[in-house]
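What follows is the content of target16.txt (compact mmCIF, N, CA and C atoms).
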```txt
# COMPACT_ATOMS: atom_id res chain seq x y z
N MET L 1 78.20 -35.74 33.27
CA MET L 1 77.34 -34.68 33.76
C MET L 1 77.71 -33.34 33.14
N SER L 2 78.98 -33.12 32.84
CA SER L 2 79.36 -31.84 32.26
C SER L 2 78.78 -31.68 30.86
N ASP L 3 78.61 -32.78 30.12
CA ASP L 3 77.98 -32.70 28.80
C ASP L 3 76.54 -32.22 28.92
N LEU L 4 75.82 -32.74 29.94
CA LEU L 4 74.45 -32.33 30.16
C LEU L 4 74.39 -30.85 30.54
N LEU L 5 75.29 -30.41 31.38
CA LEU L 5 75.31 -28.99 31.78
C LEU L 5 75.64 -28.10 30.59
N ASP L 6 76.55 -28.54 29.74
CA ASP L 6 76.88 -27.76 28.54
C ASP L 6 75.66 -27.66 27.62
N LEU L 7 74.97 -28.79 27.43
CA LEU L 7 73.77 -28.79 26.59
C LEU L 7 72.71 -27.89 27.20
N TYR L 8 72.51 -28.00 28.51
CA TYR L 8 71.54 -27.17 29.22
C TYR L 8 71.84 -25.69 28.97
N LYS L 9 73.07 -25.29 29.16
CA LYS L 9 73.45 -23.89 28.96
C LYS L 9 73.21 -23.45 27.52
N GLU L 10 73.60 -24.29 26.58
CA GLU L 10 73.45 -23.95 25.16
C GLU L 10 71.98 -23.79 24.78
N VAL L 11 71.14 -24.72 25.21
CA VAL L 11 69.72 -24.67 24.88
C VAL L 11 69.06 -23.45 25.53
N VAL L 12 69.35 -23.22 26.81
CA VAL L 12 68.75 -22.08 27.51
C VAL L 12 69.18 -20.77 26.87
N ILE L 13 70.44 -20.64 26.55
CA ILE L 13 70.92 -19.41 25.93
C ILE L 13 70.26 -19.20 24.56
N ASP L 14 70.23 -20.24 23.74
CA ASP L 14 69.66 -20.13 22.40
C ASP L 14 68.17 -19.76 22.46
N HIS L 15 67.40 -20.52 23.20
CA HIS L 15 65.95 -20.27 23.26
C HIS L 15 65.62 -19.03 24.09
N GLY L 16 66.47 -18.69 25.04
CA GLY L 16 66.26 -17.47 25.82
C GLY L 16 66.48 -16.21 25.00
N ARG L 17 67.47 -16.26 24.13
CA ARG L 17 67.77 -15.09 23.28
C ARG L 17 66.89 -15.00 22.04
N ARG L 18 66.54 -16.17 21.50
CA ARG L 18 65.75 -16.22 20.27
C ARG L 18 64.57 -17.18 20.45
N PRO L 19 63.60 -16.78 21.27
CA PRO L 19 62.49 -17.69 21.53
C PRO L 19 61.68 -17.98 20.27
N ARG L 20 61.30 -19.21 20.14
CA ARG L 20 60.45 -19.63 19.02
C ARG L 20 59.00 -19.41 19.41
N ASN L 21 58.18 -19.12 18.41
CA ASN L 21 56.73 -18.96 18.59
C ASN L 21 56.38 -17.88 19.62
N PHE L 22 57.18 -16.83 19.62
CA PHE L 22 56.94 -15.68 20.50
C PHE L 22 56.03 -14.72 19.74
N ARG L 23 54.73 -14.98 19.89
CA ARG L 23 53.73 -14.23 19.14
C ARG L 23 52.35 -14.51 19.73
N VAL L 24 51.38 -13.77 19.27
CA VAL L 24 49.99 -13.95 19.68
C VAL L 24 49.29 -14.80 18.63
N ILE L 25 48.46 -15.72 19.07
CA ILE L 25 47.57 -16.45 18.17
C ILE L 25 46.22 -15.75 18.27
N GLU L 26 45.75 -15.25 17.15
CA GLU L 26 44.44 -14.59 17.13
C GLU L 26 43.36 -15.65 17.31
N ALA L 27 42.41 -15.41 18.18
CA ALA L 27 41.28 -16.29 18.46
C ALA L 27 41.71 -17.72 18.79
N PRO L 28 42.56 -17.90 19.81
CA PRO L 28 42.97 -19.26 20.19
C PRO L 28 41.81 -20.01 20.84
N SER L 29 41.85 -21.32 20.79
CA SER L 29 40.81 -22.10 21.48
C SER L 29 41.03 -22.08 22.98
N HIS L 30 42.27 -21.86 23.40
CA HIS L 30 42.60 -21.82 24.82
C HIS L 30 43.67 -20.75 25.06
N LYS L 31 43.58 -20.11 26.22
CA LYS L 31 44.54 -19.05 26.55
C LYS L 31 44.61 -18.93 28.07
N ALA L 32 45.81 -18.65 28.59
CA ALA L 32 45.95 -18.41 30.02
C ALA L 32 47.15 -17.51 30.26
N ASP L 33 47.12 -16.82 31.39
CA ASP L 33 48.22 -15.98 31.84
C ASP L 33 48.92 -16.68 32.99
N GLY L 34 50.24 -16.61 32.98
CA GLY L 34 51.03 -17.19 34.05
C GLY L 34 51.92 -16.15 34.69
N TYR L 35 52.15 -16.29 35.98
CA TYR L 35 52.97 -15.35 36.72
C TYR L 35 53.79 -16.08 37.77
N ASN L 36 55.07 -15.76 37.83
CA ASN L 36 55.98 -16.31 38.84
C ASN L 36 56.41 -15.15 39.73
N PRO L 37 55.81 -15.00 40.91
CA PRO L 37 56.14 -13.87 41.77
C PRO L 37 57.56 -13.91 42.32
N LEU L 38 58.19 -15.07 42.30
CA LEU L 38 59.54 -15.19 42.81
C LEU L 38 60.52 -14.33 42.02
N CYS L 39 60.38 -14.33 40.70
CA CYS L 39 61.32 -13.53 39.90
C CYS L 39 60.62 -12.58 38.92
N GLY L 40 59.29 -12.55 38.94
CA GLY L 40 58.55 -11.60 38.11
C GLY L 40 58.25 -12.05 36.70
N ASP L 41 58.52 -13.31 36.37
CA ASP L 41 58.20 -13.82 35.03
C ASP L 41 56.70 -13.75 34.80
N ARG L 42 56.31 -13.27 33.61
CA ARG L 42 54.91 -13.22 33.21
C ARG L 42 54.81 -13.68 31.76
N LEU L 43 53.80 -14.48 31.49
CA LEU L 43 53.58 -14.87 30.10
C LEU L 43 52.11 -15.16 29.87
N THR L 44 51.73 -15.03 28.62
CA THR L 44 50.42 -15.44 28.15
C THR L 44 50.66 -16.54 27.15
N LEU L 45 49.99 -17.65 27.34
CA LEU L 45 50.14 -18.80 26.46
C LEU L 45 48.87 -18.95 25.64
N TYR L 46 49.03 -19.11 24.33
CA TYR L 46 47.93 -19.26 23.39
C TYR L 46 48.01 -20.65 22.78
N VAL L 47 46.89 -21.35 22.76
CA VAL L 47 46.86 -22.71 22.23
C VAL L 47 45.68 -22.86 21.29
N GLN L 48 45.94 -23.49 20.15
CA GLN L 48 44.88 -23.80 19.20
C GLN L 48 44.77 -25.32 19.11
N VAL L 49 43.67 -25.84 19.62
CA VAL L 49 43.42 -27.29 19.63
C VAL L 49 42.27 -27.57 18.68
N ASP L 50 42.44 -28.58 17.82
CA ASP L 50 41.38 -28.91 16.88
C ASP L 50 40.32 -29.80 17.53
N ASN L 51 39.30 -30.17 16.78
CA ASN L 51 38.19 -30.97 17.30
C ASN L 51 38.60 -32.38 17.71
N ASP L 52 39.75 -32.83 17.24
CA ASP L 52 40.24 -34.16 17.59
C ASP L 52 41.18 -34.12 18.80
N GLY L 53 41.34 -32.94 19.40
CA GLY L 53 42.20 -32.83 20.58
C GLY L 53 43.68 -32.72 20.25
N VAL L 54 44.00 -32.33 19.02
CA VAL L 54 45.39 -32.19 18.60
C VAL L 54 45.78 -30.71 18.66
N ILE L 55 46.93 -30.45 19.25
CA ILE L 55 47.44 -29.08 19.35
C ILE L 55 47.98 -28.69 17.98
N GLN L 56 47.27 -27.79 17.33
CA GLN L 56 47.66 -27.34 16.00
C GLN L 56 48.68 -26.20 16.05
N ASP L 57 48.56 -25.36 17.08
CA ASP L 57 49.47 -24.23 17.21
C ASP L 57 49.56 -23.87 18.68
N VAL L 58 50.72 -23.39 19.09
CA VAL L 58 50.93 -22.94 20.46
C VAL L 58 51.99 -21.85 20.42
N ALA L 59 51.74 -20.76 21.13
CA ALA L 59 52.64 -19.61 21.11
C ALA L 59 52.55 -18.90 22.45
N PHE L 60 53.47 -17.97 22.67
CA PHE L 60 53.45 -17.22 23.92
C PHE L 60 53.98 -15.81 23.72
N LYS L 61 53.61 -14.95 24.64
CA LYS L 61 54.14 -13.59 24.73
C LYS L 61 54.39 -13.32 26.21
N GLY L 62 55.33 -12.46 26.49
CA GLY L 62 55.58 -12.10 27.87
C GLY L 62 57.03 -11.74 28.10
N SER L 63 57.37 -11.64 29.37
CA SER L 63 58.74 -11.32 29.73
C SER L 63 59.14 -12.18 30.91
N GLY L 64 60.40 -12.56 30.90
CA GLY L 64 60.88 -13.40 31.98
C GLY L 64 62.36 -13.66 31.85
N CYS L 65 62.86 -14.43 32.79
CA CYS L 65 64.28 -14.78 32.78
C CYS L 65 64.56 -15.75 31.62
N ALA L 66 65.82 -16.01 31.40
CA ALA L 66 66.23 -16.88 30.29
C ALA L 66 65.65 -18.29 30.43
N ILE L 67 65.58 -18.81 31.64
CA ILE L 67 65.07 -20.17 31.84
C ILE L 67 63.57 -20.22 31.53
N SER L 68 62.83 -19.25 32.01
CA SER L 68 61.40 -19.20 31.76
C SER L 68 61.11 -19.06 30.26
N THR L 69 61.82 -18.17 29.61
CA THR L 69 61.64 -17.95 28.18
C THR L 69 62.03 -19.18 27.38
N ALA L 70 63.16 -19.78 27.74
CA ALA L 70 63.62 -20.98 27.02
C ALA L 70 62.63 -22.12 27.19
N SER L 71 62.12 -22.31 28.38
CA SER L 71 61.17 -23.40 28.62
C SER L 71 59.89 -23.18 27.82
N ALA L 72 59.39 -21.96 27.79
CA ALA L 72 58.18 -21.66 27.00
C ALA L 72 58.44 -21.88 25.52
N SER L 73 59.59 -21.46 25.05
CA SER L 73 59.94 -21.64 23.65
C SER L 73 60.02 -23.13 23.29
N LEU L 74 60.67 -23.90 24.13
CA LEU L 74 60.78 -25.35 23.89
C LEU L 74 59.41 -26.02 23.96
N LEU L 75 58.57 -25.59 24.88
CA LEU L 75 57.22 -26.13 24.98
C LEU L 75 56.48 -25.94 23.66
N THR L 76 56.56 -24.73 23.10
CA THR L 76 55.82 -24.45 21.86
C THR L 76 56.30 -25.32 20.71
N GLU L 77 57.59 -25.56 20.65
CA GLU L 77 58.12 -26.41 19.58
C GLU L 77 57.74 -27.87 19.78
N HIS L 78 57.79 -28.32 21.01
CA HIS L 78 57.61 -29.74 21.29
C HIS L 78 56.16 -30.21 21.20
N LEU L 79 55.20 -29.34 21.51
CA LEU L 79 53.82 -29.80 21.63
C LEU L 79 52.99 -29.69 20.36
N ARG L 80 53.46 -28.93 19.39
CA ARG L 80 52.69 -28.81 18.15
C ARG L 80 52.56 -30.21 17.51
N GLY L 81 51.30 -30.58 17.21
CA GLY L 81 51.04 -31.88 16.61
C GLY L 81 50.76 -32.98 17.61
N LYS L 82 50.94 -32.70 18.89
CA LYS L 82 50.66 -33.68 19.94
C LYS L 82 49.20 -33.52 20.39
N THR L 83 48.65 -34.57 20.95
CA THR L 83 47.30 -34.48 21.50
C THR L 83 47.37 -33.83 22.88
N VAL L 84 46.23 -33.38 23.35
CA VAL L 84 46.15 -32.81 24.69
C VAL L 84 46.57 -33.86 25.72
N GLU L 85 46.20 -35.11 25.50
CA GLU L 85 46.58 -36.19 26.42
C GLU L 85 48.10 -36.40 26.41
N GLN L 86 48.72 -36.36 25.25
CA GLN L 86 50.17 -36.48 25.18
C GLN L 86 50.84 -35.32 25.90
N ALA L 87 50.31 -34.12 25.71
CA ALA L 87 50.87 -32.94 26.37
C ALA L 87 50.82 -33.10 27.89
N ALA L 88 49.72 -33.64 28.41
CA ALA L 88 49.58 -33.86 29.85
C ALA L 88 50.62 -34.86 30.34
N LYS L 89 50.85 -35.90 29.57
CA LYS L 89 51.85 -36.92 29.94
C LYS L 89 53.26 -36.32 29.93
N ILE L 90 53.54 -35.49 28.94
CA ILE L 90 54.85 -34.83 28.85
C ILE L 90 55.04 -33.88 30.03
N PHE L 91 54.00 -33.09 30.34
CA PHE L 91 54.08 -32.18 31.48
C PHE L 91 54.35 -32.94 32.76
N ASP L 92 53.62 -34.02 32.99
CA ASP L 92 53.79 -34.80 34.22
C ASP L 92 55.23 -35.30 34.34
N HIS L 93 55.74 -35.86 33.27
CA HIS L 93 57.11 -36.38 33.31
C HIS L 93 58.13 -35.25 33.49
N PHE L 94 57.97 -34.18 32.75
CA PHE L 94 58.87 -33.03 32.85
C PHE L 94 58.89 -32.49 34.28
N HIS L 95 57.72 -32.35 34.87
CA HIS L 95 57.63 -31.82 36.24
C HIS L 95 58.30 -32.77 37.23
N ARG L 96 58.08 -34.07 37.08
CA ARG L 96 58.70 -35.05 37.97
C ARG L 96 60.22 -35.03 37.84
N VAL L 97 60.72 -34.90 36.63
CA VAL L 97 62.17 -34.85 36.40
C VAL L 97 62.78 -33.66 37.14
N LEU L 98 62.09 -32.54 37.13
CA LEU L 98 62.62 -31.33 37.76
C LEU L 98 62.41 -31.27 39.27
N THR L 99 61.45 -32.03 39.79
CA THR L 99 61.11 -31.87 41.21
C THR L 99 61.35 -33.10 42.08
N GLU L 100 61.55 -34.26 41.49
CA GLU L 100 61.71 -35.48 42.29
C GLU L 100 63.10 -36.06 42.09
N ASP L 101 63.72 -36.44 43.18
CA ASP L 101 65.03 -37.09 43.11
C ASP L 101 64.88 -38.48 42.50
N GLY L 102 65.86 -38.87 41.73
CA GLY L 102 65.91 -40.21 41.17
C GLY L 102 65.07 -40.44 39.95
N VAL L 103 64.44 -39.41 39.40
CA VAL L 103 63.64 -39.57 38.18
C VAL L 103 64.51 -39.19 37.00
N ASP L 104 64.80 -40.16 36.15
CA ASP L 104 65.61 -39.90 34.96
C ASP L 104 64.70 -39.44 33.84
N SER L 105 65.20 -38.51 33.05
CA SER L 105 64.39 -38.02 31.94
C SER L 105 64.33 -39.04 30.82
N ASP L 106 63.18 -39.13 30.20
CA ASP L 106 62.95 -39.99 29.05
C ASP L 106 63.11 -39.11 27.82
N SER L 107 64.27 -39.20 27.17
CA SER L 107 64.55 -38.31 26.05
C SER L 107 63.62 -38.56 24.87
N THR L 108 63.06 -39.77 24.75
CA THR L 108 62.12 -40.00 23.66
C THR L 108 60.81 -39.26 23.92
N LEU L 109 60.46 -39.07 25.18
CA LEU L 109 59.25 -38.34 25.53
C LEU L 109 59.49 -36.84 25.53
N LEU L 110 60.65 -36.42 26.05
CA LEU L 110 60.93 -35.00 26.23
C LEU L 110 61.66 -34.34 25.08
N GLY L 111 62.39 -35.08 24.29
CA GLY L 111 63.17 -34.47 23.21
C GLY L 111 64.14 -33.44 23.78
N LYS L 112 64.20 -32.26 23.16
CA LYS L 112 65.11 -31.20 23.60
C LYS L 112 64.79 -30.69 25.01
N LEU L 113 63.57 -30.90 25.46
CA LEU L 113 63.19 -30.48 26.81
C LEU L 113 64.06 -31.15 27.87
N ALA L 114 64.63 -32.30 27.55
CA ALA L 114 65.49 -33.01 28.49
C ALA L 114 66.68 -32.15 28.91
N ALA L 115 67.07 -31.23 28.06
CA ALA L 115 68.20 -30.35 28.40
C ALA L 115 67.90 -29.51 29.64
N LEU L 116 66.62 -29.26 29.91
CA LEU L 116 66.25 -28.46 31.08
C LEU L 116 66.35 -29.25 32.39
N GLU L 117 66.69 -30.51 32.30
CA GLU L 117 66.88 -31.32 33.49
C GLU L 117 67.91 -30.69 34.43
N GLY L 118 68.85 -29.95 33.87
CA GLY L 118 69.87 -29.28 34.68
C GLY L 118 69.31 -28.28 35.67
N VAL L 119 68.07 -27.81 35.45
CA VAL L 119 67.44 -26.86 36.37
C VAL L 119 67.25 -27.50 37.75
N ARG L 120 67.12 -28.81 37.79
CA ARG L 120 66.93 -29.51 39.06
C ARG L 120 68.03 -29.16 40.06
N GLN L 121 69.21 -28.83 39.57
CA GLN L 121 70.34 -28.48 40.45
C GLN L 121 70.17 -27.10 41.07
N TYR L 122 69.19 -26.33 40.59
CA TYR L 122 68.94 -24.98 41.09
C TYR L 122 67.47 -24.89 41.50
N PRO L 123 67.14 -25.38 42.70
CA PRO L 123 65.73 -25.48 43.11
C PRO L 123 64.93 -24.18 42.99
N THR L 124 65.56 -23.05 43.19
CA THR L 124 64.81 -21.79 43.08
C THR L 124 64.42 -21.48 41.63
N ARG L 125 65.04 -22.15 40.68
CA ARG L 125 64.75 -21.90 39.26
C ARG L 125 63.72 -22.86 38.67
N VAL L 126 63.33 -23.87 39.43
CA VAL L 126 62.36 -24.84 38.92
C VAL L 126 61.05 -24.16 38.55
N LYS L 127 60.61 -23.19 39.35
CA LYS L 127 59.37 -22.48 39.03
C LYS L 127 59.49 -21.69 37.74
N CYS L 128 60.69 -21.23 37.45
CA CYS L 128 60.92 -20.53 36.17
C CYS L 128 60.72 -21.51 35.01
N ALA L 129 61.29 -22.70 35.15
CA ALA L 129 61.24 -23.70 34.08
C ALA L 129 59.85 -24.29 33.90
N THR L 130 59.03 -24.30 34.96
CA THR L 130 57.72 -24.93 34.87
C THR L 130 56.57 -23.94 34.68
N LEU L 131 56.86 -22.64 34.70
CA LEU L 131 55.79 -21.65 34.56
C LEU L 131 54.96 -21.86 33.30
N ALA L 132 55.60 -22.00 32.16
CA ALA L 132 54.86 -22.18 30.90
C ALA L 132 54.01 -23.45 30.94
N TRP L 133 54.52 -24.48 31.60
CA TRP L 133 53.81 -25.76 31.68
C TRP L 133 52.57 -25.65 32.57
N HIS L 134 52.71 -24.97 33.70
CA HIS L 134 51.54 -24.74 34.56
C HIS L 134 50.53 -23.85 33.84
N THR L 135 51.02 -22.91 33.07
CA THR L 135 50.13 -22.03 32.30
C THR L 135 49.41 -22.83 31.21
N LEU L 136 50.11 -23.75 30.57
CA LEU L 136 49.48 -24.63 29.58
C LEU L 136 48.36 -25.43 30.23
N HIS L 137 48.63 -26.01 31.38
CA HIS L 137 47.62 -26.78 32.10
C HIS L 137 46.40 -25.91 32.40
N SER L 138 46.65 -24.69 32.86
CA SER L 138 45.58 -23.76 33.15
C SER L 138 44.78 -23.42 31.89
N ALA L 139 45.48 -23.19 30.79
CA ALA L 139 44.81 -22.86 29.52
C ALA L 139 43.93 -24.01 29.06
N LEU L 140 44.46 -25.20 29.06
CA LEU L 140 43.71 -26.36 28.55
C LEU L 140 42.52 -26.71 29.45
N ASN L 141 42.58 -26.28 30.70
CA ASN L 141 41.46 -26.50 31.62
C ASN L 141 40.58 -25.27 31.77
N ASP L 142 40.81 -24.30 30.87
CA ASP L 142 40.02 -23.06 30.83
C ASP L 142 39.95 -22.34 32.18
N GLU L 143 41.10 -22.34 32.89
CA GLU L 143 41.18 -21.66 34.18
C GLU L 143 41.58 -20.21 34.04
N GLY L 144 42.23 -19.84 32.94
CA GLY L 144 42.54 -18.43 32.65
C GLY L 144 43.83 -17.89 33.19
N HIS L 145 44.24 -18.31 34.38
CA HIS L 145 45.50 -17.77 34.93
C HIS L 145 46.06 -18.74 35.97
N VAL L 146 47.36 -18.60 36.21
CA VAL L 146 48.03 -19.44 37.20
C VAL L 146 49.18 -18.62 37.80
N THR L 147 49.43 -18.86 39.06
CA THR L 147 50.58 -18.25 39.73
C THR L 147 51.39 -19.37 40.34
N THR L 148 52.68 -19.38 40.10
CA THR L 148 53.54 -20.39 40.72
C THR L 148 54.00 -19.87 42.08
N GLU L 149 53.57 -20.53 43.12
CA GLU L 149 53.94 -20.11 44.47
C GLU L 149 54.41 -21.29 45.26
```

Using the file provided, produce a representation of the structure as C-alpha cells.
Amino acid sequence: MSDLLDLYKEVVIDHGRRPRNFRVIEAPSHKADGYNPLCGDRLTLYVQVDNDGVIQDVAFKGSGCAISTASASLLTEHLRGKTVEQAAKIFDHFHRVLTEDGVDSDSTLLGKLAALEGVRQYPTRVKCATLAWHTLHSALNDEGHVTTE
C-alpha cells in the first residue's frame, strides 16, 4: 500500500504543478464549466470530438487544488484518441473505484489514472478528483455546467 501512496503523491504533485493540456481549444465541439463548492475548484473543459465519436483533443483551464488539477490533467492525457463510449466506461470505472468499497482499479483501463485511487482514503477529496470527469460528462451531453455537491 505504501508504494501506491508514493505513486499517488508523485503523480498528484507532478500533474498538479505542471498540468498537461492546460489551454483553451478554440471552437471545441463540446464545452462545460465545472465547480466544486466544497473547496472552490473551477474549471472549463474543452473537447473536440470528430464525426466518428473519437476524442481528438481535450484540454482545460481553471483553478483548483492539486488533486483537482492533477485529475483534469490526467483525464486530458488519457482520453485523447478514445471514443466517447470508451470515455464513459473509463469514467464509470474511475468513479466506482473512488466511491465504492471493494472495487479494485483496472490499470489496463485506467492507466496512470489508477494512481488517483489513493483519493478514496480521503472522502472529502473525492469530489476534487472527480470534478473534471463530471464536467466531461456534462460537456459530452451538452449540459454546459456541473456542480459537485

Residue among L:Thr147, L:Thr69, L:Thr76, L:Ser138 lying closest to Asp14 in chain L, counting all atoms listed in the file:
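Ranking L:Thr147, L:Thr69, L:Thr76, L:Ser138 by distance to Asp14 in chain L, first place goes to L:Thr69.
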
Let me make sure I understand: among L:His93, L:Gly64, L:Arg120, L:Leu79, which one has the smallest atom-to-atom distance to Asp41 in chain L if we use all atoms listed in the file?
L:Gly64

Quick one: residues within 6 Å of range 52-56 of chain L, only N, CA and C atoms counted, chain neighbours fewer than 2 positions away excluded, as an MDAnalysis selection string?
chainID L and resid 48:50 58 79:84

Two-atom distance - atom C of Val97 in chain L, atom C of Ala129 in chain L (Å):
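According to the coordinates, atom C of Val97 in chain L and atom C of Ala129 in chain L are separated by 10.3 Å.
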
Point (50.1, -21.4, 33.1) neighbourhood (7 Å, only N, CA and C atoms) written as a ChimeraX atom specification:
/L:32-35,45,131-139,145-147
